[in-house]
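Shown below: work_18.txt, with compact mmCIF, C-alpha atoms and all ligand atoms.
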# COMPACT_ATOMS: atom_id res chain seq x y z
CA MET A 1 16.65 -11.10 -4.52
CA PRO A 2 15.92 -7.54 -3.33
CA VAL A 3 16.04 -8.30 0.42
CA SER A 4 19.73 -8.00 1.14
CA PRO A 5 21.42 -7.11 4.44
CA ASN A 6 24.09 -5.10 2.59
CA ALA A 7 21.71 -3.03 0.49
CA THR A 8 22.03 0.75 0.68
CA ALA A 9 18.25 1.20 0.59
CA GLU A 10 16.50 0.61 3.91
CA ILE A 11 12.80 0.24 4.65
CA THR A 12 11.26 0.25 8.11
CA ALA A 13 8.62 -2.36 8.88
CA PHE A 14 7.08 -4.10 11.89
CA ASN A 15 8.22 -7.35 13.44
CA TRP A 16 4.71 -8.05 14.69
CA VAL A 17 1.17 -6.99 13.84
CA PRO A 18 -2.13 -8.74 14.62
CA PRO A 19 -3.02 -11.44 12.07
CA PHE A 20 -5.73 -9.29 10.45
CA ALA A 21 -2.99 -6.89 9.33
CA HIS A 22 -0.63 -9.46 7.85
CA GLY A 23 -0.05 -8.53 4.24
CA LEU A 24 -1.62 -5.11 4.70
CA VAL A 25 1.09 -3.10 6.45
CA ARG A 26 2.16 -0.32 4.15
CA ASP A 27 5.81 -1.27 3.89
CA LEU A 28 4.41 -3.87 1.47
CA ARG A 29 4.01 -1.09 -1.10
CA VAL A 30 7.66 -0.16 -0.96
CA ARG A 31 8.87 -3.75 -0.88
CA TRP A 32 6.69 -4.48 -3.92
CA ALA A 33 8.08 -1.51 -5.86
CA CYS A 34 11.65 -2.55 -5.00
CA GLU A 35 10.90 -6.07 -6.19
CA GLU A 36 9.45 -4.76 -9.47
CA ILE A 37 12.73 -3.01 -10.30
CA GLY A 38 15.11 -5.41 -8.57
CA LEU A 39 16.32 -2.75 -6.14
CA PRO A 40 18.02 -4.46 -3.18
CA TYR A 41 16.74 -3.30 0.18
CA ARG A 42 17.32 -4.14 3.79
CA VAL A 43 14.66 -3.96 6.46
CA ARG A 44 14.82 -2.32 9.87
CA LEU A 45 12.17 -3.88 12.04
CA LEU A 46 10.32 -1.89 14.68
CA ASP A 47 8.05 -3.24 17.37
CA ALA A 48 4.52 -1.90 16.90
CA ARG A 49 3.73 -2.70 20.56
CA LEU A 50 6.47 -0.47 21.94
CA PRO A 51 7.16 3.26 21.76
CA LYS A 52 9.24 3.98 18.67
CA PRO A 53 13.00 4.31 19.13
CA ALA A 54 14.26 7.76 20.08
CA GLY A 55 14.90 9.74 16.93
CA TYR A 56 12.50 7.78 14.72
CA VAL A 57 10.22 10.80 14.65
CA LYS A 58 12.95 12.59 12.69
CA GLU A 59 12.70 9.89 10.01
CA GLN A 60 8.93 9.57 9.99
CA PRO A 61 7.12 12.56 11.52
CA PHE A 62 4.10 10.41 12.43
CA GLU A 63 6.24 7.58 13.81
CA GLN A 64 4.70 5.17 11.34
CA VAL A 65 6.08 2.64 8.88
CA PRO A 66 7.33 2.66 6.24
CA SER A 67 10.17 5.11 6.14
CA PHE A 68 12.81 4.81 3.47
CA ARG A 69 16.46 5.69 3.44
CA ASP A 70 18.98 5.51 0.62
CA GLY A 71 22.23 7.41 0.92
CA ALA A 72 21.47 11.02 1.78
CA LEU A 73 17.77 10.60 1.11
CA GLN A 74 15.41 10.06 4.02
CA LEU A 75 11.77 9.74 2.95
CA PHE A 76 8.42 9.04 4.53
CA GLU A 77 4.90 8.47 3.11
CA SER A 78 4.53 5.36 0.98
CA GLY A 79 3.23 7.43 -1.94
CA ALA A 80 6.25 9.72 -1.94
CA ILE A 81 8.58 6.74 -1.69
CA LEU A 82 6.92 5.04 -4.66
CA LEU A 83 7.13 8.21 -6.73
CA HIS A 84 10.79 8.57 -5.82
CA LEU A 85 11.50 5.00 -6.91
CA GLY A 86 9.51 5.65 -10.07
CA GLU A 87 11.59 8.74 -10.84
CA ASN A 88 14.55 6.42 -11.22
CA ASP A 89 12.90 3.55 -13.03
CA GLU A 90 10.44 3.60 -15.87
CA ARG A 91 9.09 0.18 -14.97
CA LEU A 92 7.23 1.98 -12.18
CA LEU A 93 6.63 5.36 -13.80
CA PRO A 94 6.66 5.98 -17.57
CA ARG A 95 9.21 8.45 -18.97
CA ASP A 96 6.65 10.05 -21.25
CA PRO A 97 5.54 13.19 -19.33
CA LEU A 98 1.85 12.74 -20.01
CA ALA A 99 1.80 9.07 -19.09
CA ARG A 100 3.87 9.88 -16.02
CA SER A 101 1.37 12.47 -14.86
CA ARG A 102 -1.51 10.05 -15.40
CA ALA A 103 0.20 7.36 -13.35
CA THR A 104 0.88 9.91 -10.61
CA ALA A 105 -2.79 10.91 -10.64
CA TRP A 106 -3.83 7.28 -10.06
CA LEU A 107 -1.39 6.90 -7.22
CA ILE A 108 -2.78 10.03 -5.59
CA SER A 109 -6.37 9.01 -6.23
CA ALA A 110 -5.72 5.66 -4.57
CA LEU A 111 -4.39 7.48 -1.51
CA ASN A 112 -6.66 10.48 -1.46
CA SER A 113 -9.96 9.43 -3.04
CA VAL A 114 -10.24 5.71 -2.33
CA GLU A 115 -8.14 4.93 0.74
CA PRO A 116 -9.99 7.28 3.14
CA ALA A 117 -13.29 5.49 2.42
CA VAL A 118 -11.72 2.04 2.66
CA GLN A 119 -9.80 2.91 5.80
CA ASN A 120 -12.89 4.31 7.45
CA LEU A 121 -14.76 1.04 6.90
CA ALA A 122 -11.78 -1.04 7.97
CA SER A 123 -11.51 0.98 11.14
CA ILE A 124 -15.21 0.48 11.91
CA ASP A 125 -15.02 -3.27 11.28
CA LEU A 126 -11.64 -4.09 12.76
CA PHE A 127 -11.30 -1.66 15.64
CA HIS A 128 -14.85 -0.75 16.67
CA SER A 129 -16.93 -3.77 15.77
CA GLY A 130 -19.74 -4.25 18.28
CA GLU A 131 -19.88 -0.60 19.30
CA GLU A 132 -23.24 1.04 18.83
CA TRP A 133 -21.96 4.05 16.94
CA ALA A 134 -20.13 1.73 14.54
CA ARG A 135 -23.29 -0.29 13.86
CA LEU A 136 -25.14 2.91 13.03
CA ARG A 137 -22.36 4.36 10.90
CA ARG A 138 -21.44 1.21 8.96
CA PRO A 139 -24.15 1.30 6.22
CA GLY A 140 -23.11 4.82 5.23
CA ALA A 141 -19.46 3.83 5.26
CA VAL A 142 -20.19 0.81 3.04
CA GLU A 143 -22.14 2.98 0.61
CA PHE A 144 -19.24 5.42 0.40
CA VAL A 145 -16.79 2.61 -0.36
CA GLN A 146 -19.14 1.22 -3.01
CA GLN A 147 -19.38 4.64 -4.61
CA LYS A 148 -15.58 4.85 -4.85
CA LEU A 149 -15.29 1.30 -6.15
CA SER A 150 -17.94 1.91 -8.79
CA ARG A 151 -15.98 4.95 -10.06
CA VAL A 152 -12.71 3.07 -10.33
CA SER A 153 -14.51 0.09 -11.87
CA ALA A 154 -16.24 2.29 -14.47
CA TRP A 155 -12.91 3.85 -15.40
CA LEU A 156 -11.13 0.52 -15.60
CA GLY A 157 -13.77 -1.12 -17.81
CA GLU A 158 -12.13 -3.86 -19.86
CA ARG A 159 -8.60 -2.51 -19.43
CA GLU A 160 -5.82 -4.54 -17.95
CA TRP A 161 -4.42 -1.65 -15.90
CA LEU A 162 -5.67 1.81 -14.93
CA GLU A 163 -3.67 3.27 -17.82
CA ASP A 164 -1.93 1.61 -20.78
CA ARG A 165 0.48 -0.41 -18.67
CA PHE A 166 1.29 -1.36 -15.07
CA THR A 167 2.52 1.61 -13.01
CA VAL A 168 2.82 2.68 -9.38
CA GLY A 169 -0.79 3.85 -9.78
CA ASP A 170 -1.96 0.23 -10.09
CA LEU A 171 0.40 -0.87 -7.35
CA MET A 172 -1.00 1.70 -4.94
CA MET A 173 -4.64 1.11 -5.90
CA VAL A 174 -4.34 -2.63 -5.38
CA THR A 175 -2.74 -2.24 -1.95
CA VAL A 176 -5.68 -0.03 -1.01
CA LEU A 177 -8.26 -2.51 -2.34
CA ARG A 178 -6.61 -5.26 -0.31
CA ASN A 179 -7.88 -3.54 2.82
CA LEU A 180 -11.38 -4.70 1.89
CA ARG A 181 -10.48 -8.37 2.12
CA HIS A 182 -12.49 -8.79 5.33
CA THR A 183 -15.63 -7.86 3.33
CA ASP A 184 -17.27 -9.11 0.13
CA LEU A 185 -17.54 -5.61 -1.33
CA LEU A 186 -14.98 -6.07 -4.08
CA ALA A 187 -16.86 -9.10 -5.42
CA GLY A 188 -19.52 -6.70 -6.65
CA PHE A 189 -16.96 -5.37 -9.14
CA PRO A 190 -15.53 -8.29 -11.15
CA ASN A 191 -13.11 -6.11 -13.11
CA LEU A 192 -11.59 -4.83 -9.85
CA VAL A 193 -11.26 -8.40 -8.60
CA ALA A 194 -9.50 -9.20 -11.89
CA LEU A 195 -7.22 -6.16 -11.48
CA GLN A 196 -6.30 -7.25 -7.99
CA ASN A 197 -5.67 -10.85 -9.06
CA ARG A 198 -3.60 -9.70 -12.03
CA ALA A 199 -1.46 -7.46 -9.85
CA GLU A 200 -1.12 -9.98 -7.05
CA SER A 201 -0.01 -12.69 -9.45
CA ARG A 202 3.06 -10.64 -10.37
CA PRO A 203 6.20 -12.30 -9.03
CA ALA A 204 7.26 -9.00 -7.48
CA PHE A 205 4.11 -8.82 -5.39
CA GLN A 206 4.46 -12.43 -4.29
CA ALA A 207 8.07 -11.85 -3.24
CA ALA A 208 7.19 -8.67 -1.34
CA LEU A 209 4.31 -10.34 0.47
CA ALA A 210 6.42 -13.34 1.43
CA ALA A 211 9.17 -11.04 2.72
CA GLN A 212 6.76 -9.05 4.87
CA ILE A 213 5.17 -12.17 6.34
CA ALA A 214 8.60 -13.70 6.99
CA ASP A 215 9.52 -10.68 9.10
CA PHE A 216 6.63 -11.20 11.52
CA GLU A 217 7.46 -13.10 14.68
CA GLY A 218 5.80 -16.39 15.32
N1 LIG A 301 0.27 7.80 5.03
C1 LIG A 301 1.24 6.86 5.56
C2 LIG A 301 0.50 5.90 6.50
C3 LIG A 301 1.46 4.96 7.20
C4 LIG A 301 0.72 4.07 8.17
O1 LIG A 301 -0.50 4.23 8.39
N2 LIG A 301 1.45 3.13 8.75
C5 LIG A 301 0.86 2.24 9.72
C6 LIG A 301 1.12 0.80 9.32
S1 LIG A 301 0.28 0.39 7.83
C7 LIG A 301 1.53 2.43 11.07
O2 LIG A 301 2.71 2.64 11.15
N3 LIG A 301 0.72 2.35 12.12
C8 LIG A 301 1.20 2.46 13.48
C9 LIG A 301 0.96 3.82 14.04
O3 LIG A 301 0.28 4.63 13.42
O4 LIG A 301 1.46 4.04 15.14
C10 LIG A 301 1.91 6.11 4.41
O5 LIG A 301 1.23 5.83 3.41
O6 LIG A 301 3.11 5.81 4.50
Rewrite the coordinates I just gave you, this time as C-alpha cells.
Ligand SMILES: N[C@@H](CCC(=O)N[C@@H](CS)C(=O)NCC(=O)O)C(=O)O
Amino acid sequence: MPVSPNATAEITAFNWVPPFAHGLVRDLRVRWACEEIGLPYRVRLLDARLPKPAGYVKEQPFEQVPSFRDGALQLFESGAILLHLGENDERLLPRDPLARSRATAWLISALNSVEPAVQNLASIDLFHSGEEWARLRRPGAVEFVQQKLSRVSAWLGEREWLEDRFTVGDLMMVTVLRNLRHTDLLAGFPNLVALQNRAESRPAFQAALAAQIADFEG
C-alpha cells in the first residue's frame, strides 16, 4: 500500500477543500502515479483555508499543492513530478526514446493545450457563476473546450490509450478531463468517456482517489 508514514517520498495535499473539488486536487496525479508503480509515499497535509506554513514557498514557489520530496530532491509542478517518477519507472514512461518523447508530449499537451481551456470553464462555472461577465463569456469558453476535446478525440479514435500503452500522458489527460465533471461536455465524445472510464477503473487510480478523499476532514 503506497501510503506509508515511514516512506521517504512525501507529497503535500490539503486536509480540506470544498466538496466540488474532492477528487480533483492535483496531488491526485502524484498519488496515482505512485500507486501505479507501488512507490510508498507519505502525505503532509496543509490547510487550504490558512496561509501556508513559513518556508513552504521554498518548496512550492506558488504555495500550491502538490509538492514532492524524496531524499535530496524537492520538486513542484505535478507534470514535473510525474516525469520524474516516470524517469525511474517504465510503467509510467516507456524506455524507448521515441515512445518516451511521445508520452511526454501528451503530458505536456494535457497541461498546456487542454487544461487552460478546461480550467477557464471550471473557473467561470464554479467561482463566477451568476456574474454577468461569466454569463457572456461562457459560450465562448464552452466552444473552446469542445474544440480541444474534439482534437483529442480525433487523435484517440479507436485506441485504448493516447499512444500504444498507458503512460503518464494518459494519466495527466484524464485528470484534466475530470475537471469537466460538472458539465455534460465529455458525453459528446464517447471515446473520451471510454478513456476516462478505462483509466479510472485502474486499481491505482481507485487507491489514489480513496486516499485523497480519506485525507479530507469531515
Ligand atoms: N501547475 C500546478 C498547479 C497546482 C495547483 O493549481 N494546485 C491547487 C490545488 S489543485 C492549489 O494549490 N490551489 C491553492 C492555491 O492556489 O492557493 C501543478 O500542476 O502542480
May I have the residues within 12 Å of Arg42 in chain A as a PDB file with C-alpha atoms, in the frame of the given file, using all atoms listed in the file and disregarding those fewer than 3 positions away in the same chain?
ATOM      1  CA  MET A   1      16.650 -11.100  -4.520  1.00  0.00           C
ATOM      2  CA  PRO A   2      15.920  -7.540  -3.330  1.00  0.00           C
ATOM      3  CA  VAL A   3      16.040  -8.300   0.420  1.00  0.00           C
ATOM      4  CA  SER A   4      19.730  -8.000   1.140  1.00  0.00           C
ATOM      5  CA  PRO A   5      21.420  -7.110   4.440  1.00  0.00           C
ATOM      6  CA  ASN A   6      24.090  -5.100   2.590  1.00  0.00           C
ATOM      7  CA  ALA A   7      21.710  -3.030   0.490  1.00  0.00           C
ATOM      8  CA  THR A   8      22.030   0.750   0.680  1.00  0.00           C
ATOM      9  CA  ALA A   9      18.250   1.200   0.590  1.00  0.00           C
ATOM     10  CA  GLU A  10      16.500   0.610   3.910  1.00  0.00           C
ATOM     11  CA  ILE A  11      12.800   0.240   4.650  1.00  0.00           C
ATOM     12  CA  THR A  12      11.260   0.250   8.110  1.00  0.00           C
ATOM     13  CA  ALA A  13       8.620  -2.360   8.880  1.00  0.00           C
ATOM     14  CA  ASP A  27       5.810  -1.270   3.890  1.00  0.00           C
ATOM     15  CA  VAL A  30       7.660  -0.160  -0.960  1.00  0.00           C
ATOM     16  CA  ARG A  31       8.870  -3.750  -0.880  1.00  0.00           C
ATOM     17  CA  CYS A  34      11.650  -2.550  -5.000  1.00  0.00           C
ATOM     18  CA  LEU A  39      16.320  -2.750  -6.140  1.00  0.00           C
ATOM     19  CA  LEU A  45      12.170  -3.880  12.040  1.00  0.00           C
ATOM     20  CA  SER A  67      10.170   5.110   6.140  1.00  0.00           C
ATOM     21  CA  PHE A  68      12.810   4.810   3.470  1.00  0.00           C
ATOM     22  CA  ARG A  69      16.460   5.690   3.440  1.00  0.00           C
ATOM     23  CA  ASP A  70      18.980   5.510   0.620  1.00  0.00           C
ATOM     24  CA  ALA A 211       9.170 -11.040   2.720  1.00  0.00           C
ATOM     25  CA  GLN A 212       6.760  -9.050   4.870  1.00  0.00           C
ATOM     26  CA  ASP A 215       9.520 -10.680   9.100  1.00  0.00           C
TER      27      ASP A 215
END
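Note that CA of Pro53 in chain A and CA of Pro116 in chain A are 28.2 Å apart.
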Shell of 10 Å around range 93-99 of chain A, all atoms listed in the file, local chain residues under 2 positions omitted, as a PyMOL selection string: chain A and resi 82-91+101-105+163-169
Can you tell me which residues sit at most 10 Å away from ligand LIG 301 (chain A), counting only C-alpha atoms and all ligand atoms, written as a ChimeraX atom specification? /A:12-14,17,21-30,46-52,60,62-68,75-82,111-112,115,119,172
CA of Ser113 in chain A and CA of Ala141 in chain A are how many Å apart?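 CA of Ser113 in chain A sits 13.8 Å away from CA of Ala141 in chain A.
Restricting the calculation to only C-alpha atoms, the smallest distance between Pro139 in chain A and any of A:Leu171, A:Leu156, A:Leu121, A:Ile37 is found for A:Leu121.
The gap separating CA of Ala122 in chain A from CA of Glu158 in chain A is 28.0 Å, in Å to one decimal.
Residue nearest Met173 in chain A within the list A:Gly130, A:Asp125, A:Gly55, A:Ala110: A:Ala110 [criterion: smallest interatomic distance, all atoms listed in the file].
With only C-alpha atoms as the atoms that count, the residue of A:Ala208, A:Trp155, A:Ile124, A:Gln146 with the shortest distance to Pro40 in chain A is A:Ala208.
Closest approach to Glu36 in chain A among A:Leu107, A:Ala72, A:Leu92, A:Val114 is made by A:Leu92 (distances from only C-alpha atoms).
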Counting all atoms listed in the file, write as a list in words all protein and nucleic acid residues lying at most 6 Å from (-15.5, 6.2, 1.3) in the file's frame.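 It turns out the residues near that spot are Pro116, Ala117, Val118, Phe144 and Val145 of chain A.
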Could you check the closest approach to Leu149 in chain A for each of A:Trp161, A:Phe127, A:Phe216, A:Phe189 and tell me which residue wins, using only C-alpha atoms? A:Phe189
